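Colleague: Sharing protein-v6.pdb here; it has PDB, C-alpha atoms.
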ATOM      1  CA  MET A   1      -9.176 -17.440   2.523  1.00  0.00           C
ATOM      2  CA  ALA A   2     -11.920 -15.194   1.108  1.00  0.00           C
ATOM      3  CA  LEU A   3     -13.598 -15.398  -2.280  1.00  0.00           C
ATOM      4  CA  VAL A   4     -13.845 -11.942  -3.846  1.00  0.00           C
ATOM      5  CA  ALA A   5     -15.974 -10.971  -6.833  1.00  0.00           C
ATOM      6  CA  ILE A   6     -14.577  -8.372  -9.242  1.00  0.00           C
ATOM      7  CA  ILE A   7     -17.263  -7.190 -11.650  1.00  0.00           C
ATOM      8  CA  VAL A   8     -15.981  -5.803 -14.927  1.00  0.00           C
ATOM      9  CA  ASP A   9     -16.904  -4.862 -18.469  1.00  0.00           C
ATOM     10  CA  GLU A  10     -15.326  -3.111 -21.461  1.00  0.00           C
ATOM     11  CA  MET A  11     -12.997  -0.141 -20.950  1.00  0.00           C
ATOM     12  CA  PHE A  12     -12.105  -0.859 -17.310  1.00  0.00           C
ATOM     13  CA  GLU A  13      -9.304   1.172 -15.721  1.00  0.00           C
ATOM     14  CA  GLU A  14      -6.417  -1.300 -15.915  1.00  0.00           C
ATOM     15  CA  SER A  15      -4.625  -0.494 -12.660  1.00  0.00           C
ATOM     16  CA  GLU A  16      -7.895  -0.391 -10.702  1.00  0.00           C
ATOM     17  CA  LEU A  17      -8.498  -4.000 -11.702  1.00  0.00           C
ATOM     18  CA  ALA A  18      -4.907  -5.307 -11.716  1.00  0.00           C
ATOM     19  CA  VAL A  19      -3.707  -3.954  -8.353  1.00  0.00           C
ATOM     20  CA  PRO A  20      -6.611  -5.235  -6.217  1.00  0.00           C
ATOM     21  CA  HIS A  21      -6.602  -8.547  -8.110  1.00  0.00           C
ATOM     22  CA  GLU A  22      -2.860  -9.086  -7.605  1.00  0.00           C
ATOM     23  CA  ARG A  23      -2.849  -8.020  -3.953  1.00  0.00           C
ATOM     24  CA  LEU A  24      -5.853 -10.186  -3.103  1.00  0.00           C
ATOM     25  CA  LEU A  25      -4.126 -13.210  -4.630  1.00  0.00           C
ATOM     26  CA  ALA A  26      -0.845 -12.373  -2.869  1.00  0.00           C
ATOM     27  CA  ALA A  27      -2.740 -12.254   0.462  1.00  0.00           C
ATOM     28  CA  GLY A  28      -4.041 -15.783  -0.139  1.00  0.00           C
ATOM     29  CA  HIS A  29      -7.555 -14.901  -1.283  1.00  0.00           C
ATOM     30  CA  ARG A  30      -9.318 -15.924  -4.484  1.00  0.00           C
ATOM     31  CA  ALA A  31     -10.577 -13.250  -6.870  1.00  0.00           C
ATOM     32  CA  ILE A  32     -13.000 -14.083  -9.680  1.00  0.00           C
ATOM     33  CA  LEU A  33     -13.523 -11.803 -12.694  1.00  0.00           C
ATOM     34  CA  ILE A  34     -17.267 -11.654 -13.317  1.00  0.00           C
ATOM     35  CA  GLY A  35     -18.747 -10.221 -16.487  1.00  0.00           C
ATOM     36  CA  VAL A  36     -22.054 -10.112 -18.272  1.00  0.00           C
ATOM     37  CA  GLN A  37     -20.862 -13.253 -20.102  1.00  0.00           C
ATOM     38  CA  GLU A  38     -18.348 -15.931 -19.115  1.00  0.00           C
ATOM     39  CA  GLY A  39     -15.231 -16.146 -21.270  1.00  0.00           C
ATOM     40  CA  LYS A  40     -15.701 -12.717 -22.826  1.00  0.00           C
ATOM     41  CA  PRO A  41     -12.457 -10.863 -23.742  1.00  0.00           C
ATOM     42  CA  LEU A  42     -12.474  -7.277 -22.432  1.00  0.00           C
ATOM     43  CA  GLN A  43     -10.187  -4.365 -23.289  1.00  0.00           C
ATOM     44  CA  GLY A  44      -8.907  -1.847 -20.749  1.00  0.00           C
ATOM     45  CA  VAL A  45      -9.500   1.876 -21.184  1.00  0.00           C
ATOM     46  CA  HIS A  46      -5.836   2.583 -22.058  1.00  0.00           C
ATOM     47  CA  HIS A  47      -5.571  -0.465 -24.361  1.00  0.00           C
ATOM     48  CA  GLN A  48      -2.718  -1.788 -22.197  1.00  0.00           C
ATOM     49  CA  LYS A  49      -4.441  -4.862 -20.820  1.00  0.00           C
ATOM     50  CA  ARG A  50      -6.942  -7.441 -22.000  1.00  0.00           C
ATOM     51  CA  ILE A  51      -8.673  -9.860 -19.683  1.00  0.00           C
ATOM     52  CA  VAL A  52     -11.161 -12.686 -20.078  1.00  0.00           C
ATOM     53  CA  THR A  53     -14.078 -12.965 -17.686  1.00  0.00           C
ATOM     54  CA  GLU A  54     -14.143 -16.161 -15.632  1.00  0.00           C
ATOM     55  CA  ARG A  55     -17.828 -16.277 -14.705  1.00  0.00           C
ATOM     56  CA  SER A  56     -21.116 -14.839 -15.929  1.00  0.00           C
ATOM     57  CA  ILE A  57     -23.218 -12.732 -13.581  1.00  0.00           C
ATOM     58  CA  ASP A  58     -26.059 -15.159 -14.334  1.00  0.00           C
ATOM     59  CA  GLU A  59     -24.083 -17.986 -12.677  1.00  0.00           C
ATOM     60  CA  VAL A  60     -23.231 -16.319  -9.367  1.00  0.00           C
ATOM     61  CA  LEU A  61     -24.982 -15.354  -6.141  1.00  0.00           C
ATOM     62  CA  ALA A  62     -23.949 -12.890  -3.463  1.00  0.00           C
ATOM     63  CA  ASP A  63     -24.042 -15.778  -0.959  1.00  0.00           C
ATOM     64  CA  ASP A  64     -21.061 -17.333  -2.775  1.00  0.00           C
ATOM     65  CA  PHE A  65     -18.695 -14.394  -2.154  1.00  0.00           C
ATOM     66  CA  ASP A  66     -17.109 -12.591   0.782  1.00  0.00           C
ATOM     67  CA  ALA A  67     -16.525  -9.189  -0.873  1.00  0.00           C
ATOM     68  CA  LEU A  68     -17.086  -7.209  -4.068  1.00  0.00           C
ATOM     69  CA  VAL A  69     -14.603  -4.975  -5.914  1.00  0.00           C
ATOM     70  CA  ILE A  70     -15.749  -2.619  -8.684  1.00  0.00           C
ATOM     71  CA  PRO A  71     -12.939  -1.064 -10.765  1.00  0.00           C
ATOM     72  CA  GLY A  72     -13.500   2.272 -12.487  1.00  0.00           C
ATOM     73  CA  GLY A  73     -12.992   3.492 -16.019  1.00  0.00           C
ATOM     74  CA  TYR A  74     -16.008   3.220 -18.326  1.00  0.00           C
ATOM     75  CA  SER A  75     -16.772  -0.297 -17.101  1.00  0.00           C
ATOM     76  CA  PRO A  76     -19.194   0.759 -14.315  1.00  0.00           C
ATOM     77  CA  ASP A  77     -21.233   2.758 -16.827  1.00  0.00           C
ATOM     78  CA  HIS A  78     -21.739  -0.430 -18.863  1.00  0.00           C
ATOM     79  CA  LEU A  79     -22.400  -2.563 -15.776  1.00  0.00           C
ATOM     80  CA  ARG A  80     -25.053  -0.257 -14.355  1.00  0.00           C
ATOM     81  CA  MET A  81     -27.205  -0.960 -17.429  1.00  0.00           C
ATOM     82  CA  HIS A  82     -27.348  -4.677 -16.554  1.00  0.00           C
ATOM     83  CA  ILE A  83     -30.020  -5.476 -13.963  1.00  0.00           C
ATOM     84  CA  ARG A  84     -28.256  -8.599 -12.632  1.00  0.00           C
ATOM     85  CA  MET A  85     -25.033  -6.635 -12.007  1.00  0.00           C
ATOM     86  CA  VAL A  86     -26.987  -3.962 -10.148  1.00  0.00           C
ATOM     87  CA  GLY A  87     -28.864  -6.578  -8.118  1.00  0.00           C
ATOM     88  CA  PHE A  88     -25.642  -8.428  -7.270  1.00  0.00           C
ATOM     89  CA  THR A  89     -24.075  -5.187  -5.999  1.00  0.00           C
ATOM     90  CA  ARG A  90     -27.145  -4.432  -3.864  1.00  0.00           C
ATOM     91  CA  ASP A  91     -27.261  -8.005  -2.518  1.00  0.00           C
ATOM     92  CA  MET A  92     -23.589  -7.868  -1.481  1.00  0.00           C
ATOM     93  CA  PHE A  93     -24.169  -4.573   0.308  1.00  0.00           C
ATOM     94  CA  ASN A  94     -27.356  -5.745   2.025  1.00  0.00           C
ATOM     95  CA  ALA A  95     -25.556  -8.887   3.223  1.00  0.00           C
ATOM     96  CA  GLY A  96     -23.060  -6.635   5.050  1.00  0.00           C
ATOM     97  CA  LYS A  97     -20.120  -7.774   2.909  1.00  0.00           C
ATOM     98  CA  PRO A  98     -17.383  -5.331   1.866  1.00  0.00           C
ATOM     99  CA  VAL A  99     -18.296  -3.478  -1.336  1.00  0.00           C
ATOM    100  CA  ALA A 100     -15.308  -1.547  -2.696  1.00  0.00           C
ATOM    101  CA  ALA A 101     -15.760   1.001  -5.505  1.00  0.00           C
ATOM    102  CA  ILE A 102     -13.014   3.175  -6.958  1.00  0.00           C
ATOM    103  CA  CYS A 103     -13.060   6.135  -9.328  1.00  0.00           C
ATOM    104  CA  HIS A 104     -16.207   6.055 -11.542  1.00  0.00           C
ATOM    105  CA  ALA A 105     -17.484   2.882  -9.833  1.00  0.00           C
ATOM    106  CA  GLY A 106     -19.517   5.053  -7.472  1.00  0.00           C
ATOM    107  CA  SER A 107     -22.073   5.150 -10.280  1.00  0.00           C
ATOM    108  CA  MET A 108     -22.845   1.482  -9.523  1.00  0.00           C
ATOM    109  CA  LEU A 109     -23.556   2.409  -5.895  1.00  0.00           C
ATOM    110  CA  ILE A 110     -26.052   5.000  -7.145  1.00  0.00           C
ATOM    111  CA  GLU A 111     -27.704   2.533  -9.525  1.00  0.00           C
ATOM    112  CA  ALA A 112     -27.921  -0.099  -6.771  1.00  0.00           C
ATOM    113  CA  ASP A 113     -29.587   2.516  -4.555  1.00  0.00           C
ATOM    114  CA  ILE A 114     -27.066   2.126  -1.738  1.00  0.00           C
ATOM    115  CA  ALA A 115     -25.371   5.552  -1.742  1.00  0.00           C
ATOM    116  CA  GLU A 116     -28.049   7.449   0.176  1.00  0.00           C
ATOM    117  CA  GLY A 117     -26.986   8.452   3.680  1.00  0.00           C
ATOM    118  CA  ARG A 118     -23.415   7.208   3.164  1.00  0.00           C
ATOM    119  CA  THR A 119     -20.144   9.125   3.187  1.00  0.00           C
ATOM    120  CA  LEU A 120     -18.245   8.336  -0.020  1.00  0.00           C
ATOM    121  CA  THR A 121     -15.506   9.547  -2.308  1.00  0.00           C
ATOM    122  CA  SER A 122     -15.011   9.124  -6.048  1.00  0.00           C
ATOM    123  CA  TRP A 123     -13.545  10.629  -9.162  1.00  0.00           C
ATOM    124  CA  PRO A 124     -14.653  14.304  -8.983  1.00  0.00           C
ATOM    125  CA  SER A 125     -16.807  14.126 -12.128  1.00  0.00           C
ATOM    126  CA  ILE A 126     -19.418  11.946 -10.367  1.00  0.00           C
ATOM    127  CA  LYS A 127     -19.428  13.966  -7.137  1.00  0.00           C
ATOM    128  CA  THR A 128     -22.686  15.727  -8.070  1.00  0.00           C
ATOM    129  CA  ASP A 129     -24.304  12.407  -9.035  1.00  0.00           C
ATOM    130  CA  LEU A 130     -23.461  10.978  -5.612  1.00  0.00           C
ATOM    131  CA  LEU A 131     -24.705  14.104  -3.830  1.00  0.00           C
ATOM    132  CA  ASN A 132     -27.955  13.956  -5.823  1.00  0.00           C
ATOM    133  CA  ALA A 133     -28.313  10.312  -4.744  1.00  0.00           C
ATOM    134  CA  GLY A 134     -28.187  11.429  -1.103  1.00  0.00           C
ATOM    135  CA  ALA A 135     -24.553  10.609  -0.332  1.00  0.00           C
ATOM    136  CA  ARG A 136     -22.121  12.861   1.522  1.00  0.00           C
ATOM    137  CA  TRP A 137     -19.020  13.326  -0.690  1.00  0.00           C
ATOM    138  CA  VAL A 138     -15.539  13.932   0.732  1.00  0.00           C
ATOM    139  CA  ASP A 139     -12.179  14.311  -0.999  1.00  0.00           C
ATOM    140  CA  ARG A 140     -10.057  11.582   0.636  1.00  0.00           C
ATOM    141  CA  GLU A 141      -7.910   8.743  -0.691  1.00  0.00           C
ATOM    142  CA  VAL A 142     -10.135   6.153   0.949  1.00  0.00           C
ATOM    143  CA  VAL A 143     -13.415   6.336   2.858  1.00  0.00           C
ATOM    144  CA  GLU A 144     -14.898   3.443   4.801  1.00  0.00           C
ATOM    145  CA  ASP A 145     -18.525   3.846   5.809  1.00  0.00           C
ATOM    146  CA  GLY A 146     -19.557   0.520   7.255  1.00  0.00           C
ATOM    147  CA  ASN A 147     -19.095  -2.101   4.547  1.00  0.00           C
ATOM    148  CA  LEU A 148     -18.733   0.503   1.754  1.00  0.00           C
ATOM    149  CA  ILE A 149     -15.157   1.300   0.728  1.00  0.00           C
ATOM    150  CA  THR A 150     -14.545   4.069  -1.816  1.00  0.00           C
ATOM    151  CA  SER A 151     -11.508   5.739  -3.361  1.00  0.00           C
ATOM    152  CA  ARG A 152     -10.936   8.463  -5.930  1.00  0.00           C
ATOM    153  CA  LYS A 153      -8.301   7.307  -8.454  1.00  0.00           C
ATOM    154  CA  PRO A 154      -5.365   4.998  -9.233  1.00  0.00           C
ATOM    155  CA  ASP A 155      -3.057   7.026  -6.942  1.00  0.00           C
ATOM    156  CA  ASP A 156      -5.245   5.835  -4.031  1.00  0.00           C
ATOM    157  CA  LEU A 157      -4.935   2.119  -4.784  1.00  0.00           C
ATOM    158  CA  ARG A 158      -2.620   1.286  -1.872  1.00  0.00           C
ATOM    159  CA  ALA A 159      -5.052   2.690   0.708  1.00  0.00           C
ATOM    160  CA  PHE A 160      -8.040   1.248  -1.196  1.00  0.00           C
ATOM    161  CA  VAL A 161      -6.708  -2.309  -1.190  1.00  0.00           C
ATOM    162  CA  ASP A 162      -5.437  -1.979   2.405  1.00  0.00           C
ATOM    163  CA  ALA A 163      -9.026  -1.184   3.442  1.00  0.00           C
ATOM    164  CA  ILE A 164     -10.382  -4.190   1.504  1.00  0.00           C
ATOM    165  CA  LEU A 165      -7.860  -6.538   3.105  1.00  0.00           C
ATOM    166  CA  ASP A 166      -8.563  -5.092   6.552  1.00  0.00           C
ATOM    167  CA  GLN A 167     -12.316  -5.610   6.194  1.00  0.00           C
ATOM    168  CA  LEU A 168     -11.785  -9.180   4.944  1.00  0.00           C
ATOM    169  CA  GLU A 169      -9.765  -9.882   8.080  1.00  0.00           C
ATOM    170  CA  HIS A 170     -11.654  -7.869  10.694  1.00  0.00           C
ATOM    171  CA  GLY A 171     -15.120  -7.232   9.241  1.00  0.00           C
ATOM    172  CA  PRO A 172     -16.787  -3.988   8.173  1.00  0.00           C
ATOM    173  CA  ALA A 173     -15.640  -0.648   9.504  1.00  0.00           C
ATOM    174  CA  ASP A 174     -17.801   1.503  11.746  1.00  0.00           C
ATOM    175  CA  ARG A 175     -20.313   3.773  10.048  1.00  0.00           C
ATOM    176  CA  TYR A 176     -18.836   7.146   9.120  1.00  0.00           C
ATOM    177  CA  PRO A 177     -20.026   9.749  11.634  1.00  0.00           C
ATOM    178  CA  PRO A 178     -22.637  12.157  10.276  1.00  0.00           C
ATOM    179  CA  PRO A 179     -21.519  15.759   9.891  1.00  0.00           C
ATOM    180  CA  LEU A 180     -22.281  18.021  12.790  1.00  0.00           C
ATOM    181  CA  ALA A 181     -24.290  21.166  12.308  1.00  0.00           C
ATOM    182  CA  PRO A 182     -22.083  24.224  12.924  1.00  0.00           C
ATOM    183  CA  GLU A 183     -23.909  24.923  16.197  1.00  0.00           C
ATOM    184  CA  ALA A 184     -23.212  21.408  17.469  1.00  0.00           C
ATOM    185  CA  ALA A 185     -19.510  21.761  16.759  1.00  0.00           C
ATOM    186  CA  SER A 186     -19.237  25.039  18.660  1.00  0.00           C
ATOM    187  CA  SER A 187     -19.054  25.635  22.391  1.00  0.00           C
ATOM    188  CA  GLU A 188     -21.109  28.833  21.875  1.00  0.00           C
ATOM    189  CA  PRO A 189     -24.914  28.675  21.802  1.00  0.00           C
ATOM    190  CA  PRO A 190     -26.477  29.294  18.390  1.00  0.00           C
ATOM    191  CA  GLU A 191     -27.274  32.894  17.555  1.00  0.00           C
ATOM    192  CA  GLN A 192     -30.881  33.871  18.042  1.00  0.00           C
ATOM    193  CA  PRO A 193     -32.627  35.929  15.348  1.00  0.00           C
ATOM    194  CA  ASP A 194     -33.177  39.568  16.230  1.00  0.00           C
ATOM    195  CA  ASP A 195     -36.957  40.032  16.474  1.00  0.00           C
ATOM    196  CA  ARG A 196     -36.585  43.815  16.458  1.00  0.00           C
ATOM    197  CA  LEU A 197     -35.785  44.013  12.731  1.00  0.00           C
TER     198      LEU A 197
END
Show me the file's structure as structure tokens.

Modeller:
Amino acid sequence: MALVAIIVDEMFEESELAVPHERLLAAGHRAILIGVQEGKPLQGVHHQKRIVTERSIDEVLADDFDALVIPGGYSPDHLRMHIRMVGFTRDMFNAGKPVAAICHAGSMLIEADIAEGRTLTSWPSIKTDLLNAGARWVDREVVEDGNLITSRKPDDLRAFVDAILDQLEHGPADRYPPPLAPEAASSEPPEQPDDRL
């Protein structure tokens, strides 16, 4: 049984919190809702769900958990302003534990300075932010690059949670292969410039 941290703040995307939480519990794992404060009521972005945080970020350490899930919505934008949340995300990543970010949660990966050199996906509106942070962005329902797991939107939740559960059972995925230069992908030698011009 794994212990999974779910970091959350106001205006979280309800399904991106509820589906991973429910599936983790159904698989026999524990999932703890961690906020800036313990016991703080939080409202979802669609006003369909309210939750109460179980632990404060000030009370937890990355060593205590086996994986991290970051739901999207506006929550990651609030979380990235809190230095302990950013540090916790970085510590989980640096420890080689699964870090799963969906939708707008890629902004936490940028703030934690762990996006550079990684292949990721996200909600399209933060694509440029990820590219500017040095990530390679692809449009896929789920991308696993080592211990980073990313997805685009609620429609991708099945694949997103499948990847989390797989990494909890089998460990991090392989690193995503770097893109090949067009010449390297071709059987033809690269064209040489014409010196006569």

Colleague: Taking the file as shown, what set of residues would the PyMOL selection byres ((chain A and resi 35-47) around 7) give back, as a list in words?

Modeller: Ile7, Val8, Asp9, Glu10, Met11, Phe12, Glu13, Glu14, Leu33, Ile34, Gln48, Lys49, Arg50, Ile51, Val52, Thr53, Glu54, Arg55, Ser56, Ile57 and Gly73 of chain A

Colleague: Can you list, as an NGL selection string, every protein, DNA or RNA residue that comes within 10 Å of range 21-25 of chain A when you count all atoms listed in the file, leaving out same-chain residues fewer than 3 positions away?

Modeller: :A and (1-6 or 15-18 or 28-33 or 69 or 158 or 161-162 or 164-165)

Colleague: If we count all atoms listed in the file and set the cut-off at 8 Å, which residues sit around Ala115 in chain A, ignoring sequence neighbours fewer than 6 positions away in its own chain? Please answer as a PDB file with C-alpha atoms, in the coordinates of the input.

Modeller:
ATOM      1  CA  LEU A 109     -23.556   2.409  -5.895  1.00  0.00           C
ATOM      2  CA  LEU A 130     -23.461  10.978  -5.612  1.00  0.00           C
ATOM      3  CA  ALA A 133     -28.313  10.312  -4.744  1.00  0.00           C
ATOM      4  CA  GLY A 134     -28.187  11.429  -1.103  1.00  0.00           C
ATOM      5  CA  ALA A 135     -24.553  10.609  -0.332  1.00  0.00           C
TER       6      ALA A 135
END

Colleague: For Leu157 in chain A, please output as a VMD selection string all residues within 8 Å (counting all atoms listed in the file; exclusion window: fewer than 5 positions along the same chain).

Modeller: chain A and resid 16 19 to 20 151

Colleague: From the list A:Ser107, A:Ala112, A:Ser125, A:Val138, which residue is nearest Gly87 in chain A when using all atoms listed in the file?

Modeller: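 The closest residue to Gly87 in chain A is A:Ala112.
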
Colleague: For a test of reading the model, state the distance in Å between CA of Ile114 in chain A and CA of Gly146 in chain A, rounded to one decimal.

Modeller: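 We find that CA of Ile114 in chain A and CA of Gly146 in chain A lie 11.8 Å from each other.
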
Colleague: Please report the interatomic distance between CA of Pro124 in chain A and CA of His82 in chain A in Å with one decimal.

Modeller: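 One can read the CA of Pro124 in chain A to CA of His82 in chain A distance as 24.1 Å.
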
Colleague: Here is a test: counting all atoms listed in the file, which residue of A:Trp137, A:Asp174, A:Thr121, A:Glu111 is nearest to Arg90 in chain A?

Modeller: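 Under the stated criterion, the closest residue is A:Glu111.
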
Colleague: Leaving out Met92 in chain A and any residue of its chain fewer than 2 positions from it, which residues lie within 9 Å of it when counting only C-alpha atoms, given as a list of chain:residue names?

Modeller: A:Leu61, A:Ala62, A:Asp63, A:Phe65, A:Asp66, A:Ala67, A:Leu68, A:Gly87, A:Phe88, A:Thr89, A:Arg90, A:Asn94, A:Ala95, A:Gly96, A:Lys97, A:Pro98, A:Val99

Colleague: Tell me, as a PyMOL selection string, which residues lie within 9 Å of Pro178 in chain A, counting only C-alpha atoms; anything in the same chain fewer than 5 positions away does not count.

Modeller: chain A and resi 117-119+136

Colleague: Just give me the gap between CA of Ala100 in chain A and CA of Thr150 in chain A in Å, one decimal is fine.

Modeller: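 Result for CA of Ala100 in chain A versus CA of Thr150 in chain A: 5.7 Å, one decimal.
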
Colleague: Can you spell out as a PyMOL selection string the set of residues that the PyMOL selection byres ((chain A and resi 144) around 8) selects in the structure I just provided?

Modeller: chain A and resi 119-120+142-143+145-150+163+173-176

Colleague: Could the centre and edge lengths of an axis-aligned box, enclosing all atoms of range 15-18 of chain A in the file with 3 Å extra on each side, be given in Å to one decimal as AutoDock Vina command-line options?

Modeller:
--center_x -6.6 --center_y -2.8 --center_z -11.7 --size_x 9.9 --size_y 10.9 --size_z 8.0

Colleague: A:Arg84, A:Pro154, A:Asp58, A:Met108: which is nearest Ile70 in chain A, counting only C-alpha atoms?

Modeller: A:Met108

Colleague: For Asp155 in chain A, which of A:Cys103, A:Ser75, A:Asp129, A:Ala27 is the closest residue, counting all atoms listed in the file?

Modeller: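 Closest candidate: A:Cys103.
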
Colleague: Any chance you could build range 41-66 of chain A out to N, CA and C atoms and write it as a PDB file, keeping the file's coordinate frame?

Modeller:
ATOM      1  N   PRO A  41     -13.658 -11.722 -23.799  1.00  0.00           N
ATOM      2  CA  PRO A  41     -12.457 -10.863 -23.742  1.00  0.00           C
ATOM      3  C   PRO A  41     -12.866  -9.401 -23.583  1.00  0.00           C
ATOM      4  N   LEU A  42     -12.187  -8.689 -22.687  1.00  0.00           N
ATOM      5  CA  LEU A  42     -12.474  -7.277 -22.432  1.00  0.00           C
ATOM      6  C   LEU A  42     -11.198  -6.456 -22.550  1.00  0.00           C
ATOM      7  N   GLN A  43     -11.314  -5.270 -23.085  1.00  0.00           N
ATOM      8  CA  GLN A  43     -10.187  -4.365 -23.289  1.00  0.00           C
ATOM      9  C   GLN A  43     -10.204  -3.271 -22.229  1.00  0.00           C
ATOM     10  N   GLY A  44      -9.024  -2.949 -21.693  1.00  0.00           N
ATOM     11  CA  GLY A  44      -8.907  -1.847 -20.749  1.00  0.00           C
ATOM     12  C   GLY A  44      -9.021  -0.503 -21.432  1.00  0.00           C
ATOM     13  N   VAL A  45      -9.265   0.536 -20.656  1.00  0.00           N
ATOM     14  CA  VAL A  45      -9.500   1.876 -21.184  1.00  0.00           C
ATOM     15  C   VAL A  45      -8.263   2.450 -21.883  1.00  0.00           C
ATOM     16  N   HIS A  46      -7.071   2.062 -21.457  1.00  0.00           N
ATOM     17  CA  HIS A  46      -5.836   2.583 -22.058  1.00  0.00           C
ATOM     18  C   HIS A  46      -5.255   1.617 -23.088  1.00  0.00           C
ATOM     19  N   HIS A  47      -5.987   0.556 -23.387  1.00  0.00           N
ATOM     20  CA  HIS A  47      -5.571  -0.465 -24.361  1.00  0.00           C
ATOM     21  C   HIS A  47      -4.233  -1.101 -23.986  1.00  0.00           C
ATOM     22  N   GLN A  48      -3.959  -1.179 -22.682  1.00  0.00           N
ATOM     23  CA  GLN A  48      -2.718  -1.788 -22.197  1.00  0.00           C
ATOM     24  C   GLN A  48      -2.933  -3.201 -21.683  1.00  0.00           C
ATOM     25  N   LYS A  49      -4.177  -3.557 -21.420  1.00  0.00           N
ATOM     26  CA  LYS A  49      -4.441  -4.862 -20.820  1.00  0.00           C
ATOM     27  C   LYS A  49      -5.746  -5.417 -21.355  1.00  0.00           C
ATOM     28  N   ARG A  50      -5.730  -6.707 -21.647  1.00  0.00           N
ATOM     29  CA  ARG A  50      -6.942  -7.441 -22.000  1.00  0.00           C
ATOM     30  C   ARG A  50      -7.124  -8.540 -20.967  1.00  0.00           C
ATOM     31  N   ILE A  51      -8.361  -8.777 -20.609  1.00  0.00           N
ATOM     32  CA  ILE A  51      -8.673  -9.860 -19.683  1.00  0.00           C
ATOM     33  C   ILE A  51      -9.792 -10.695 -20.285  1.00  0.00           C
ATOM     34  N   VAL A  52     -10.039 -11.842 -19.684  1.00  0.00           N
ATOM     35  CA  VAL A  52     -11.161 -12.686 -20.078  1.00  0.00           C
ATOM     36  C   VAL A  52     -11.961 -12.976 -18.812  1.00  0.00           C
ATOM     37  N   THR A  53     -13.247 -12.723 -18.867  1.00  0.00           N
ATOM     38  CA  THR A  53     -14.078 -12.965 -17.686  1.00  0.00           C
ATOM     39  C   THR A  53     -14.129 -14.457 -17.372  1.00  0.00           C
ATOM     40  N   GLU A  54     -14.157 -14.762 -16.083  1.00  0.00           N
ATOM     41  CA  GLU A  54     -14.143 -16.161 -15.632  1.00  0.00           C
ATOM     42  C   GLU A  54     -15.536 -16.719 -15.384  1.00  0.00           C
ATOM     43  N   ARG A  55     -16.462 -15.846 -15.013  1.00  0.00           N
ATOM     44  CA  ARG A  55     -17.828 -16.277 -14.705  1.00  0.00           C
ATOM     45  C   ARG A  55     -18.804 -15.255 -15.256  1.00  0.00           C
ATOM     46  N   SER A  56     -20.024 -15.718 -15.526  1.00  0.00           N
ATOM     47  CA  SER A  56     -21.116 -14.839 -15.929  1.00  0.00           C
ATOM     48  C   SER A  56     -21.889 -14.418 -14.686  1.00  0.00           C
ATOM     49  N   ILE A  57     -22.405 -13.206 -14.702  1.00  0.00           N
ATOM     50  CA  ILE A  57     -23.218 -12.732 -13.581  1.00  0.00           C
ATOM     51  C   ILE A  57     -24.439 -13.625 -13.377  1.00  0.00           C
ATOM     52  N   ASP A  58     -24.892 -14.281 -14.442  1.00  0.00           N
ATOM     53  CA  ASP A  58     -26.059 -15.159 -14.334  1.00  0.00           C
ATOM     54  C   ASP A  58     -25.764 -16.452 -13.576  1.00  0.00           C
ATOM     55  N   GLU A  59     -24.479 -16.739 -13.346  1.00  0.00           N
ATOM     56  CA  GLU A  59     -24.083 -17.986 -12.677  1.00  0.00           C
ATOM     57  C   GLU A  59     -23.713 -17.801 -11.211  1.00  0.00           C
ATOM     58  N   VAL A  60     -23.747 -16.566 -10.711  1.00  0.00           N
ATOM     59  CA  VAL A  60     -23.231 -16.319  -9.367  1.00  0.00           C
ATOM     60  C   VAL A  60     -24.315 -15.730  -8.461  1.00  0.00           C
ATOM     61  N   LEU A  61     -24.115 -15.919  -7.169  1.00  0.00           N
ATOM     62  CA  LEU A  61     -24.982 -15.354  -6.141  1.00  0.00           C
ATOM     63  C   LEU A  61     -24.119 -14.628  -5.112  1.00  0.00           C
ATOM     64  N   ALA A  62     -24.678 -13.613  -4.504  1.00  0.00           N
ATOM     65  CA  ALA A  62     -23.949 -12.890  -3.463  1.00  0.00           C
ATOM     66  C   ALA A  62     -23.547 -13.820  -2.323  1.00  0.00           C
ATOM     67  N   ASP A  63     -24.356 -14.828  -2.040  1.00  0.00           N
ATOM     68  CA  ASP A  63     -24.042 -15.778  -0.959  1.00  0.00           C
ATOM     69  C   ASP A  63     -22.727 -16.517  -1.186  1.00  0.00           C
ATOM     70  N   ASP A  64     -22.279 -16.590  -2.440  1.00  0.00           N
ATOM     71  CA  ASP A  64     -21.061 -17.333  -2.775  1.00  0.00           C
ATOM     72  C   ASP A  64     -19.782 -16.556  -2.492  1.00  0.00           C
ATOM     73  N   PHE A  65     -19.883 -15.248  -2.234  1.00  0.00           N
ATOM     74  CA  PHE A  65     -18.695 -14.394  -2.154  1.00  0.00           C
ATOM     75  C   PHE A  65     -18.611 -13.676  -0.810  1.00  0.00           C
ATOM     76  N   ASP A  66     -17.382 -13.285  -0.479  1.00  0.00           N
ATOM     77  CA  ASP A  66     -17.109 -12.591   0.782  1.00  0.00           C
ATOM     78  C   ASP A  66     -16.965 -11.086   0.613  1.00  0.00           C
TER      79      ASP A  66
END
